[in-house]
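Worksheet: the structure to be examined is printed underneath.
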Amino acid sequence: MIITVASFKGGVGKTTTAIHLAAFFQGKGKTLLIDADPNRSALGWSGRGELPFEVVDQWQAEAQSEDYEHIIIDTQARPTTEDLAALANTCDLLVLPTMPDILSLDALVLTIEYLKSIQTSQYRILITSIPPKPSRAGDEVKKLLKDADIPTFDIGIGRLAAFQKAAMQGIPVYDVKDQRSERGWQDYETVGNEILNLMRER
Ligand code: ADP
């Protein structure tokens with residue numbers, strides 16, 4: 001399976017999502033994470049610590065990808081609209097993370113208008129970094145997307161300091177010593193299982 005993670009704005013959890021989807025799929029079959037973002041955040045993450053899957057840049061990817069069952073691609077932030085069409089058509093699922101804040105949503109609306117115009121349904125929005133209750137930001141954004149008929153994952157990812165520690169230490173969130181690391185991993189496991197179900201239905 002090929003899963004591409006893209007966003008029209010930086011800092012929305014794109015790399016965090018690519019890393020944890022790769023960790024989830026590595027549990028199902030040999031997985032490669034291709035870091036195609038010039039910021040090289042995923043390569044940086046793997047260089048700082050240890051991840052249970054291989055991370056390569058896009059130039060190394062071509063020679064290697066055949067050996068893997070699953071491929072996760074962390075793309076460049078702010079792709080052009082032409083890039084986005086190509087991305088959506090060359091993967092099994094395009095995952096578009098967004099944070100529940102107004103600037104991220106503005107960027108997301110532009111992305112979605114474009115996705116609707118190219119008529120692909122091969123994408124799902126993932127709401128990341130959802131603040132804990134009593135904030136209702138996560139639910140509000142989810143409702144907004146649902147009302148607009150935009151395919152969105154059933155569950156989003158909570159805002160947890162464990163994810164920042166994971167990035168700093170170069171490890172998956174489940175290896176972080178933090179009370180909430182298990183909760184963070186469960187969120188991505190739920191998303192991974194939803195992707196598997198989606199693929200079975202197709
Ligand atoms: P992008 O690849 O879109 O730039 P990152 O994955 O690098 O986004 O995340 C941007 C920042 O937000 C990082 O500091 C990261 O640790 C933090 N972050 C990402 N997801 C979460 C989350 N669920 N909870 C808390 N912080 C998060």
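So you can find residues: chains in the structure tokens are A, B, ... in the order shown, residues in each start at 1, and ligands are numbered from 1 in order.
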
Practice item. Name the residues, by chain letter and number, that sit within 10 Å of ligand 1 using only C-alpha atoms and all ligand atoms, and give them as number ranges by chain. Key: A: 5-20, 37, 39-42, 45, 74-78, 96-99, 127-131, 156-168, 184-185, 187-188

I'd like the contact shell of Leu110 of chain A - 12 Å cut-off, only C-alpha atoms, skipping same-chain residues fewer than 3 positions apart - returned as an mmCIF file with C-alpha atoms, in the first residue's frame.
data_model
loop_
_atom_site.group_PDB
_atom_site.id
_atom_site.type_symbol
_atom_site.label_atom_id
_atom_site.label_comp_id
_atom_site.auth_asym_id
_atom_site.auth_seq_id
_atom_site.Cartn_x
_atom_site.Cartn_y
_atom_site.Cartn_z
ATOM 1 C CA SER A 7 -0.468 19.531 3.608
ATOM 2 C CA PHE A 8 -0.925 23.026 2.261
ATOM 3 C CA LYS A 9 0.603 24.562 5.352
ATOM 4 C CA ARG A 78 2.606 23.401 0.179
ATOM 5 C CA PRO A 79 2.509 21.330 -3.004
ATOM 6 C CA THR A 80 1.265 23.087 -6.117
ATOM 7 C CA THR A 81 -2.225 22.095 -7.201
ATOM 8 C CA LEU A 84 -1.558 17.437 -5.502
ATOM 9 C CA LEU A 103 -5.121 29.416 9.827
ATOM 10 C CA SER A 104 -4.765 25.685 9.235
ATOM 11 C CA LEU A 105 -8.407 25.500 8.231
ATOM 12 C CA ASP A 106 -8.039 28.332 5.732
ATOM 13 C CA ALA A 107 -5.222 26.387 4.077
ATOM 14 C CA GLU A 113 -11.711 23.068 -3.206
ATOM 15 C CA TYR A 114 -8.988 21.817 -5.454
ATOM 16 C CA LEU A 115 -9.478 18.141 -4.558
ATOM 17 C CA LYS A 116 -13.169 18.487 -5.345
ATOM 18 C CA SER A 117 -12.327 19.980 -8.729
#

Exercise for review: Have a look at atom CA of Tyr123 of chain A and atom CA of Leu93 of chain A and let me know their distance in Å, one decimal.
Suggested key: 5.4 Å

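Closest approach to Gln58 of chain A among A:Ile34, A:Val191, A:Asp147, A:Ile71 is made by A:Ile34 (distances from only C-alpha atoms).
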
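Using only C-alpha atoms, the smallest distance between any of A:Val176, A:Ala148, A:Val141, A:Ile112 and Ala85 of chain A comes from A:Ile112.
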
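Between atom CA of Ile3 of chain A and atom CA of Val55 of chain A the separation is 14.4 Å.
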
Point to revise | Separation of atom CA of Ile73 of chain A from atom CA of Ile2 of chain A, in Å and rounded to one decimal | key: 7.6 Å

Practice item. Identify, with DSSP run on backbone atoms, the residues in chain A assigned to alpha helix (DSSP H), and express the list as an NGL selection string. Key: :A and (14-26 or 41-48 or 58-64 or 81-89 or 102-118 or 137-147 or 161-169 or 181-201)

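Shortest separation to Tyr174 of chain A among A:Leu51, A:Leu43, A:Tyr68, A:Gly138 occurs at residue A:Leu51, atoms counted being only C-alpha atoms.
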
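If you measure from each of A:Asp101, A:Asp92, A:Glu140, A:Glu69 to Ile195 of chain A using only C-alpha atoms, the closest one turns out to be A:Asp92.
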
Point to revise | Close residues, Leu198 of chain A itself excluded, 12 Å, only C-alpha atoms, min 2 positions apart in chain, as a PyMOL selection string | key: chain A and resi 1+92-93+121-124+151-154+191-196+200-202

**Study point:** Backbone DSSP call of strand (DSSP E) for segment 32-100 of chain A, listed as a ChimeraX atom specification
**Key:** /A:32-35,54-57,70-74,93-98

Could the residues in this selection be saved with N, CA, C and O atoms as a compact mmCIF listing (two decimals), in the first residue's frame?
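Generated file (out-v2.txt):
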# COMPACT_ATOMS: atom_id res chain seq x y z
N LEU A 32 8.55 1.20 4.30
CA LEU A 32 9.59 2.21 4.01
C LEU A 32 8.96 3.59 4.13
O LEU A 32 7.86 3.83 3.62
N LEU A 33 9.64 4.50 4.80
CA LEU A 33 9.18 5.89 4.83
C LEU A 33 10.08 6.71 3.89
O LEU A 33 11.31 6.75 4.07
N ILE A 34 9.46 7.32 2.89
CA ILE A 34 10.22 8.17 1.97
C ILE A 34 10.04 9.62 2.40
O ILE A 34 8.91 10.12 2.46
N ASP A 35 11.15 10.27 2.73
CA ASP A 35 11.09 11.68 3.11
C ASP A 35 11.31 12.53 1.86
O ASP A 35 12.44 12.70 1.41
N GLU A 54 12.77 1.79 7.96
CA GLU A 54 13.81 2.56 7.29
C GLU A 54 13.26 3.88 6.73
O GLU A 54 12.13 3.93 6.26
N VAL A 55 14.07 4.93 6.80
CA VAL A 55 13.69 6.23 6.22
C VAL A 55 14.73 6.58 5.16
O VAL A 55 15.94 6.53 5.42
N VAL A 56 14.27 6.90 3.95
CA VAL A 56 15.21 7.28 2.88
C VAL A 56 14.72 8.58 2.22
O VAL A 56 13.55 8.95 2.37
N ASP A 57 15.62 9.25 1.51
CA ASP A 57 15.14 10.42 0.77
C ASP A 57 14.62 9.97 -0.59
O ASP A 57 14.75 8.80 -0.98
N HIS A 70 4.69 -1.87 2.34
CA HIS A 70 4.00 -0.59 2.51
C HIS A 70 4.99 0.57 2.37
O HIS A 70 6.12 0.48 2.85
N ILE A 71 4.50 1.62 1.72
CA ILE A 71 5.35 2.81 1.57
C ILE A 71 4.57 4.03 2.04
O ILE A 71 3.42 4.24 1.64
N ILE A 72 5.19 4.78 2.93
CA ILE A 72 4.59 6.03 3.39
C ILE A 72 5.46 7.16 2.83
O ILE A 72 6.68 7.11 2.94
N ILE A 73 4.83 8.15 2.24
CA ILE A 73 5.60 9.26 1.67
C ILE A 73 5.26 10.56 2.41
O ILE A 73 4.10 10.95 2.48
N ASP A 74 6.29 11.17 2.99
CA ASP A 74 6.14 12.47 3.64
C ASP A 74 6.51 13.51 2.58
O ASP A 74 7.67 13.65 2.23
N LEU A 93 -3.95 6.14 -0.80
CA LEU A 93 -4.68 7.11 0.03
C LEU A 93 -3.80 8.33 0.30
O LEU A 93 -2.62 8.19 0.64
N LEU A 94 -4.41 9.50 0.14
CA LEU A 94 -3.72 10.75 0.47
C LEU A 94 -4.25 11.21 1.83
O LEU A 94 -5.46 11.38 2.00
N VAL A 95 -3.35 11.34 2.80
CA VAL A 95 -3.75 11.76 4.15
C VAL A 95 -3.37 13.23 4.31
O VAL A 95 -2.22 13.62 4.09
N LEU A 96 -4.36 14.05 4.68
CA LEU A 96 -4.12 15.49 4.81
C LEU A 96 -4.33 15.92 6.26
O LEU A 96 -5.47 16.15 6.68
N PRO A 97 -3.24 16.01 7.04
CA PRO A 97 -3.40 16.44 8.43
C PRO A 97 -3.72 17.93 8.51
O PRO A 97 -3.26 18.72 7.68
N THR A 98 -4.51 18.29 9.50
CA THR A 98 -4.75 19.70 9.77
C THR A 98 -4.92 19.88 11.27
O THR A 98 -5.35 18.96 11.96
